[in-house]
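Data from final.pdb: PDB, C-alpha atoms
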ATOM      1  CA  MET A 960     -16.265  35.595  -1.772
ATOM      2  CA  LYS A 961     -15.610  38.154   0.954
ATOM      3  CA  LEU A 962     -16.509  41.696  -0.114
ATOM      4  CA  LEU A 963     -13.930  44.382   0.609
ATOM      5  CA  PRO A 964     -14.997  47.609   2.332
ATOM      6  CA  VAL A 965     -14.567  50.803   0.341
ATOM      7  CA  ILE A 966     -14.576  54.223   1.999
ATOM      8  CA  LEU A 967     -16.759  56.813   0.279
ATOM      9  CA  PHE A 968     -17.293  60.469   1.228
ATOM     10  CA  CYS A 969     -20.995  61.195   1.323
ATOM     11  CA  GLY A 970     -20.669  64.804   2.364
ATOM     12  CA  VAL A 971     -18.307  67.276   3.914
ATOM     13  CA  GLY A 972     -16.256  65.399   6.463
ATOM     14  CA  VAL A 973     -18.771  62.542   6.494
ATOM     15  CA  ALA A 974     -17.609  59.107   5.477
ATOM     16  CA  CYS A 975     -19.829  56.173   4.685
ATOM     17  CA  VAL A 976     -18.890  52.551   3.975
ATOM     18  CA  ALA A 977     -19.848  50.682   0.833
ATOM     19  CA  LEU A 978     -18.899  47.187  -0.333
ATOM     20  CA  ALA A 979     -16.757  46.671  -3.400
ATOM     21  CA  ALA A 980     -18.037  44.337  -6.072
ATOM     22  CA  PRO A 981     -16.154  41.033  -6.272
ATOM     23  CA  ASN A 982     -13.276  40.827  -8.688
ATOM     24  CA  PRO A 983     -14.602  38.723 -11.580
ATOM     25  CA  THR A 984     -11.100  37.955 -12.855
ATOM     26  CA  ARG A 985      -9.961  36.544  -9.518
ATOM     27  CA  ALA A 986     -13.137  34.477  -9.110
ATOM     28  CA  SER A 987     -12.759  33.053 -12.594
ATOM     29  CA  ALA A 988      -9.108  32.153 -11.990
ATOM     30  CA  ALA A 989      -9.964  30.347  -8.730
ATOM     31  CA  LYS A 990     -12.737  28.404 -10.435
ATOM     32  CA  SER A 991     -10.436  27.443 -13.298
ATOM     33  CA  ALA A 992      -7.765  26.247 -10.854
ATOM     34  CA  ALA A 993     -10.304  24.118  -8.979
ATOM     35  CA  VAL A 994     -11.548  22.557 -12.198
ATOM     36  CA  ALA A 995      -7.974  21.854 -13.345
ATOM     37  CA  ALA A 996      -7.131  20.200 -10.006
ATOM     38  CA  SER A 997     -10.274  18.068 -10.184
ATOM     39  CA  ASN A 998      -9.488  17.014 -13.756
ATOM     40  CA  LEU A 999      -5.922  16.108 -12.781
ATOM     41  CA  ALA A1000      -7.086  14.001  -9.850
ATOM     42  CA  ALA A1001      -9.590  12.177 -12.052
ATOM     43  CA  ARG A1002      -6.948  11.548 -14.730
ATOM     44  CA  VAL A1003      -4.462  10.205 -12.183
ATOM     45  CA  GLU A1004      -7.045   7.859 -10.663
ATOM     46  CA  LEU A1005      -7.974   6.563 -14.113
ATOM     47  CA  GLU A1006      -4.331   5.817 -14.896
ATOM     48  CA  VAL A1007      -3.904   4.101 -11.521
ATOM     49  CA  ASP A1008      -6.979   1.970 -12.228
ATOM     50  CA  MET A1009      -5.544   1.008 -15.624
ATOM     51  CA  ALA A1010      -2.239   0.106 -13.965
ATOM     52  CA  PHE A1011      -3.955  -2.176 -11.444
ATOM     53  CA  LYS A1012      -5.837  -3.825 -14.303
ATOM     54  CA  ALA A1013      -2.537  -4.575 -16.046
ATOM     55  CA  LEU A1014      -1.151  -5.891 -12.757
ATOM     56  CA  ASN A1015      -4.095  -8.244 -12.341
ATOM     57  CA  GLN A1016      -3.525  -9.475 -15.895
ATOM     58  CA  GLY A1017       0.012 -10.506 -15.002
ATOM     59  CA  LYS A1018       1.750  -7.618 -16.786
ATOM     60  CA  PRO A1019       3.900  -6.019 -14.073
ATOM     61  CA  ALA A1020       6.200  -4.166 -16.482
ATOM     62  CA  ILE A1021       3.275  -2.453 -18.206
ATOM     63  CA  ALA A1022       1.659  -1.773 -14.838
ATOM     64  CA  ALA A1023       4.855  -0.194 -13.504
ATOM     65  CA  GLY A1024       4.980   2.173 -16.472
ATOM     66  CA  LEU A1025       1.379   3.247 -15.907
ATOM     67  CA  PHE A1026       1.923   3.731 -12.184
ATOM     68  CA  GLU A1027       5.008   5.836 -12.872
ATOM     69  CA  LYS A1028       3.063   7.953 -15.348
ATOM     70  CA  ALA A1029       0.376   8.597 -12.743
ATOM     71  CA  LEU A1030       2.922   9.381 -10.040
ATOM     72  CA  ALA A1031       4.703  11.840 -12.315
ATOM     73  CA  GLN A1032       1.519  13.903 -12.083
ATOM     74  CA  ASP A1033       0.794  13.228  -8.400
ATOM     75  CA  ALA A1034       3.806  11.923  -6.508
ATOM     76  CA  HIS A1035       1.809  11.528  -3.275
ATOM     77  CA  ASN A1036      -0.921   9.248  -4.626
ATOM     78  CA  ARG A1037      -0.883   6.341  -2.141
ATOM     79  CA  ARG A1038      -2.684   3.837  -4.374
ATOM     80  CA  GLY A1039      -0.210   4.575  -7.124
ATOM     81  CA  ARG A1040       2.808   4.209  -4.847
ATOM     82  CA  PHE A1041       1.516   0.961  -3.352
ATOM     83  CA  GLY A1042       0.681  -0.389  -6.795
ATOM     84  CA  LEU A1043       4.115   0.488  -8.141
ATOM     85  CA  SER A1044       5.764  -1.336  -5.238
ATOM     86  CA  THR A1045       3.665  -4.416  -6.029
ATOM     87  CA  ALA A1046       4.623  -4.282  -9.709
ATOM     88  CA  LEU A1047       8.292  -3.973  -8.751
ATOM     89  CA  ILE A1048       8.039  -6.964  -6.401
ATOM     90  CA  GLN A1049       6.522  -9.043  -9.181
ATOM     91  CA  SER A1050       9.432  -7.976 -11.404
ATOM     92  CA  ASP A1051      11.966  -9.024  -8.714
ATOM     93  CA  LYS A1052      13.019  -5.389  -8.208
ATOM     94  CA  TYR A1053      12.977  -5.766  -4.465
ATOM     95  CA  LYS A1054      15.220  -2.890  -3.420
ATOM     96  CA  GLU A1055      13.143  -0.361  -5.360
ATOM     97  CA  ALA A1056       9.927  -1.818  -3.953
ATOM     98  CA  LEU A1057      11.219  -1.779  -0.381
ATOM     99  CA  ALA A1058      12.328   1.846  -0.718
ATOM    100  CA  ILE A1059       8.749   2.813  -1.572
ATOM    101  CA  LEU A1060       7.122   0.646   1.097
ATOM    102  CA  GLU A1061       9.497   1.598   3.907
ATOM    103  CA  LYS A1062       8.959   5.293   3.174
ATOM    104  CA  MET A1063       5.181   4.838   3.183
ATOM    105  CA  LEU A1064       5.382   2.947   6.492
ATOM    106  CA  LYS A1065       7.268   5.859   8.072
ATOM    107  CA  GLU A1066       4.426   8.124   6.975
ATOM    108  CA  THR A1067       1.748   5.791   8.377
ATOM    109  CA  PRO A1068       3.447   3.564  10.986
ATOM    110  CA  LYS A1069       0.213   1.794  11.963
ATOM    111  CA  ASP A1070      -0.590   0.532   8.466
ATOM    112  CA  TYR A1071      -0.498  -3.226   8.959
ATOM    113  CA  VAL A1072      -0.913  -3.919   5.222
ATOM    114  CA  LEU A1073       2.365  -2.120   4.536
ATOM    115  CA  MET A1074       4.032  -4.038   7.374
ATOM    116  CA  ASN A1075       2.790  -7.309   5.917
ATOM    117  CA  ASN A1076       3.966  -6.519   2.391
ATOM    118  CA  ILE A1077       7.431  -5.533   3.588
ATOM    119  CA  ALA A1078       7.613  -8.668   5.732
ATOM    120  CA  TRP A1079       6.573 -10.807   2.760
ATOM    121  CA  VAL A1080       9.387  -9.380   0.629
ATOM    122  CA  TYR A1081      11.952 -10.125   3.341
ATOM    123  CA  ALA A1082      10.530 -13.633   3.771
ATOM    124  CA  SER A1083      10.032 -14.694   0.167
ATOM    125  CA  ALA A1084      12.290 -12.712  -2.170
ATOM    126  CA  ARG A1085      13.903 -14.909  -4.792
ATOM    127  CA  ASP A1086      17.059 -12.854  -4.307
ATOM    128  CA  LEU A1087      18.479 -14.488  -1.178
ATOM    129  CA  LYS A1088      20.500 -11.355  -0.367
ATOM    130  CA  ILE A1089      17.213  -9.526   0.227
ATOM    131  CA  ARG A1090      15.833 -12.099   2.657
ATOM    132  CA  ASN A1091      15.845 -11.204   6.328
ATOM    133  CA  GLY A1092      14.039 -13.669   8.568
ATOM    134  CA  ALA A1093      14.315 -11.663  11.778
ATOM    135  CA  ARG A1094      12.994  -8.492  10.166
ATOM    136  CA  ALA A1095      10.167 -10.423   8.503
ATOM    137  CA  VAL A1096       9.106 -12.049  11.780
ATOM    138  CA  ALA A1097       9.154  -8.732  13.650
ATOM    139  CA  LEU A1098       7.083  -6.919  11.029
ATOM    140  CA  ALA A1099       4.538  -9.717  10.702
ATOM    141  CA  GLN A1100       4.140  -9.893  14.479
ATOM    142  CA  ASP A1101       3.589  -6.122  14.612
ATOM    143  CA  ALA A1102       0.985  -6.446  11.853
ATOM    144  CA  LEU A1103      -0.838  -9.176  13.799
ATOM    145  CA  MET A1104      -0.971  -6.952  16.858
ATOM    146  CA  ILE A1105      -3.038  -4.533  14.763
ATOM    147  CA  ASN A1106      -5.130  -7.090  12.881
ATOM    148  CA  PRO A1107      -4.984 -10.611  14.342
ATOM    149  CA  ILE A1108      -7.641 -12.078  12.039
ATOM    150  CA  ASP A1109      -6.021 -11.430   8.651
ATOM    151  CA  CYS A1110      -5.037 -14.756   7.111
ATOM    152  CA  HIS A1111      -2.486 -13.070   4.840
ATOM    153  CA  VAL A1112      -0.450 -11.897   7.809
ATOM    154  CA  TRP A1113      -0.481 -15.333   9.462
ATOM    155  CA  SER A1114       0.788 -16.789   6.195
ATOM    156  CA  THR A1115       3.539 -14.181   6.030
ATOM    157  CA  LEU A1116       4.598 -14.964   9.599
ATOM    158  CA  ALA A1117       4.648 -18.679   8.721
ATOM    159  CA  GLU A1118       6.939 -17.941   5.774
ATOM    160  CA  ALA A1119       9.172 -15.759   7.944
ATOM    161  CA  TYR A1120       9.557 -18.555  10.517
ATOM    162  CA  PHE A1121      10.160 -21.094   7.752
ATOM    163  CA  ILE A1122      13.123 -19.237   6.239
ATOM    164  CA  SER A1123      14.446 -18.766   9.776
ATOM    165  CA  GLY A1124      14.466 -22.560  10.262
ATOM    166  CA  ARG A1125      11.783 -22.455  12.969
ATOM    167  CA  TYR A1126       9.585 -25.058  11.339
ATOM    168  CA  ASP A1127       7.267 -25.839  14.271
ATOM    169  CA  LYS A1128       6.281 -22.189  14.486
ATOM    170  CA  ALA A1129       5.974 -22.038  10.709
ATOM    171  CA  LEU A1130       3.549 -24.974  10.795
ATOM    172  CA  ARG A1131       1.361 -23.495  13.543
ATOM    173  CA  ASN A1132       1.087 -20.164  11.767
ATOM    174  CA  ALA A1133       0.453 -21.755   8.378
ATOM    175  CA  GLU A1134      -2.377 -23.806   9.907
ATOM    176  CA  GLN A1135      -3.850 -20.647  11.397
ATOM    177  CA  ALA A1136      -3.682 -18.894   8.019
ATOM    178  CA  LEU A1137      -5.484 -21.824   6.403
ATOM    179  CA  ARG A1138      -8.167 -21.904   9.106
ATOM    180  CA  LEU A1139      -8.864 -18.181   8.837
ATOM    181  CA  GLY A1140      -8.821 -18.348   5.060
ATOM    182  CA  ARG A1141     -11.493 -21.021   5.083
ATOM    183  CA  GLU A1142     -13.585 -19.202   7.700
ATOM    184  CA  THR A1143     -13.570 -16.001   5.668
ATOM    185  CA  ASN A1144     -14.273 -17.781   2.354
ATOM    186  CA  MET A1145     -11.084 -16.654   0.665
ATOM    187  CA  ASP A1146     -10.407 -17.427  -2.998
ATOM    188  CA  ALA A1147      -9.913 -21.124  -3.745
ATOM    189  CA  LYS A1148      -6.448 -20.511  -5.235
ATOM    190  CA  LEU A1149      -5.345 -18.787  -2.041
ATOM    191  CA  ILE A1150      -6.661 -21.658   0.069
ATOM    192  CA  GLU A1151      -4.691 -24.063  -2.108
ATOM    193  CA  GLN A1152      -1.531 -22.010  -1.542
ATOM    194  CA  TYR A1153      -2.113 -22.108   2.198
ATOM    195  CA  GLN A1154      -2.583 -25.883   2.069
ATOM    196  CA  LEU A1155       0.742 -26.232   0.266
ATOM    197  CA  GLN A1156       2.377 -23.992   2.857
ATOM    198  CA  VAL A1157       1.013 -26.202   5.653
ATOM    199  CA  GLU A1158       2.284 -29.366   3.988
ATOM    200  CA  ARG A1159       5.722 -27.909   3.319
ATOM    201  CA  SER A1160       6.004 -26.684   6.911
ATOM    202  CA  ARG A1161       4.839 -30.041   8.286
ATOM    203  CA  LYS A1162       7.404 -31.977   6.263
ATOM    204  CA  ALA A1163      10.166 -29.606   7.337
ATOM    205  CA  ALA A1164       9.116 -29.849  10.989
ATOM    206  CA  GLU A1165       9.026 -33.665  10.843
ATOM    207  CA  SER A1166      12.424 -33.851   9.138
ATOM    208  CA  SER A1167      13.881 -31.477  11.667
ATOM    209  CA  SER A1168      12.589 -33.534  14.594
ATOM    210  CA  ILE A1169      14.130 -36.717  13.128
ATOM    211  CA  LEU A1170      17.505 -35.043  12.755
ATOM    212  CA  GLU A1171      17.346 -33.846  16.335
TER     213      GLU A1171
END

Write out the structure in this file as structure tokens.
Amino acid sequence: MKLLPVILFCGVGVACVALAAPNPTRASAAKSAAVAASNLAARVELEVDMAFKALNQGKPAIAAGLFEKALAQDAHNRRGRFGLSTALIQSDKYKEALAILEKMLKETPKDYVLMNNIAWVYASARDLKIRNGARAVALAQDALMINPIDCHVWSTLAEAYFISGRYDKALRNAEQALRLGRETNMDAKLIEQYQLQVERSRKAAESSSILE
């Protein structure tokens, strides 16, 4: 703590400078505030961790409640905001999820994970009014410009092309997602999903070529 100068008169017309003792009340208040802030941050992170655990257990409604509780205490917590958007997507609350994700992307426009998640919503939402193939393709392409070796993004781009009726492109991107997934030893369930995406895209491409 910076000590404040105090002017003392040491004799007739002679001034000397001393240093004032620190204010114990102010120091104590600052320490208490720092401790309170640290405790709040720890509590919020614990609640966010619990919310992600519920999400991983397939309980999006419970997870959403926990994320909202954490965000009520720290509205800027990025993990909490991202987690809440994921819980909302899993609950088919796409508009609410997109509002969160789009706002976060404006704050960090180079975050390819956010781009990919938004693109995935536009490409795969069960609510057909939410789907937007052109927007999904554009976002996924932007994400690949930042990270061209992420299998998730290639899969998203494949899905975006598929709903846009561009089945040849969907097939090529789905095959790339599968190849990268295998090379990076992704989870077996994810690899299986990519295989299904490849097969679906191949069948659609073959059917489309016959019709042409």

Contact residues around Leu1149 of chain A with only C-alpha atoms at 12 Å, ignoring same-chain residues under 6 positions, as a compact mmCIF listing (two decimals) with C-alpha atoms, in the frame of the given file:
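Output contents, as saved in part_17.txt:
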# COMPACT_ATOMS: atom_id res chain seq x y z
CA CYS A 1110 -5.04 -14.76 7.11
CA HIS A 1111 -2.49 -13.07 4.84
CA SER A 1114 0.79 -16.79 6.20
CA ALA A 1136 -3.68 -18.89 8.02
CA LEU A 1137 -5.48 -21.82 6.40
CA ARG A 1138 -8.17 -21.90 9.11
CA LEU A 1139 -8.86 -18.18 8.84
CA GLY A 1140 -8.82 -18.35 5.06
CA ARG A 1141 -11.49 -21.02 5.08
CA THR A 1143 -13.57 -16.00 5.67
CA LEU A 1155 0.74 -26.23 0.27
CA GLN A 1156 2.38 -23.99 2.86

(message) Could you tell me how far atom CA of Leu1116 of chain A sits from atom CA of Met1104 of chain A, in Å to one decimal place?
(response)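 If I compute the distance from atom CA of Met1104 of chain A to atom CA of Leu1116 of chain A, I get 12.2 Å.
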
(request) Decode the PyMOL selection byres ((chain A and resi 1064-1070) around 12) for the given file into explicit residues and return them as a PyMOL selection string. (result) chain A and resi 1035+1037+1040-1041+1057-1063+1071-1078+1098-1099+1101-1106

(request) Figure out the distance between atom CA of Ser1123 of chain A and atom CA of Ile1169 of chain A, please, to one decimal in Å. (result)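 Answer for the atom CA of Ile1169 of chain A to atom CA of Ser1123 of chain A separation: 18.3 Å.
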
(request) For the structure shown, which residues end up in the PyMOL selection byres ((chain A and resi 1131) around 12)? Put them as number ranges by chain, please? (result) A: 1113-1114, 1116-1118, 1120-1121, 1125-1130, 1132-1138, 1153, 1156-1161, 1164

Please produce an output containing C-alpha atoms for each residue in the selection, written as a CSV table (one decimal), in the frame of the given file.
chain,number,residue,atom,x,y,z
A,1113,TRP,CA,-0.5,-15.3,9.5
A,1114,SER,CA,0.8,-16.8,6.2
A,1116,LEU,CA,4.6,-15.0,9.6
A,1117,ALA,CA,4.6,-18.7,8.7
A,1118,GLU,CA,6.9,-17.9,5.8
A,1120,TYR,CA,9.6,-18.6,10.5
A,1121,PHE,CA,10.2,-21.1,7.8
A,1125,ARG,CA,11.8,-22.5,13.0
A,1126,TYR,CA,9.6,-25.1,11.3
A,1127,ASP,CA,7.3,-25.8,14.3
A,1128,LYS,CA,6.3,-22.2,14.5
A,1129,ALA,CA,6.0,-22.0,10.7
A,1130,LEU,CA,3.5,-25.0,10.8
A,1132,ASN,CA,1.1,-20.2,11.8
A,1133,ALA,CA,0.5,-21.8,8.4
A,1134,GLU,CA,-2.4,-23.8,9.9
A,1135,GLN,CA,-3.8,-20.6,11.4
A,1136,ALA,CA,-3.7,-18.9,8.0
A,1137,LEU,CA,-5.5,-21.8,6.4
A,1138,ARG,CA,-8.2,-21.9,9.1
A,1153,TYR,CA,-2.1,-22.1,2.2
A,1156,GLN,CA,2.4,-24.0,2.9
A,1157,VAL,CA,1.0,-26.2,5.7
A,1158,GLU,CA,2.3,-29.4,4.0
A,1159,ARG,CA,5.7,-27.9,3.3
A,1160,SER,CA,6.0,-26.7,6.9
A,1161,ARG,CA,4.8,-30.0,8.3
A,1164,ALA,CA,9.1,-29.8,11.0

(request) Have a look at atom CA of Gln1016 of chain A and atom CA of Lys1052 of chain A and let me know their distance in Å, one decimal. (result) 18.7 Å
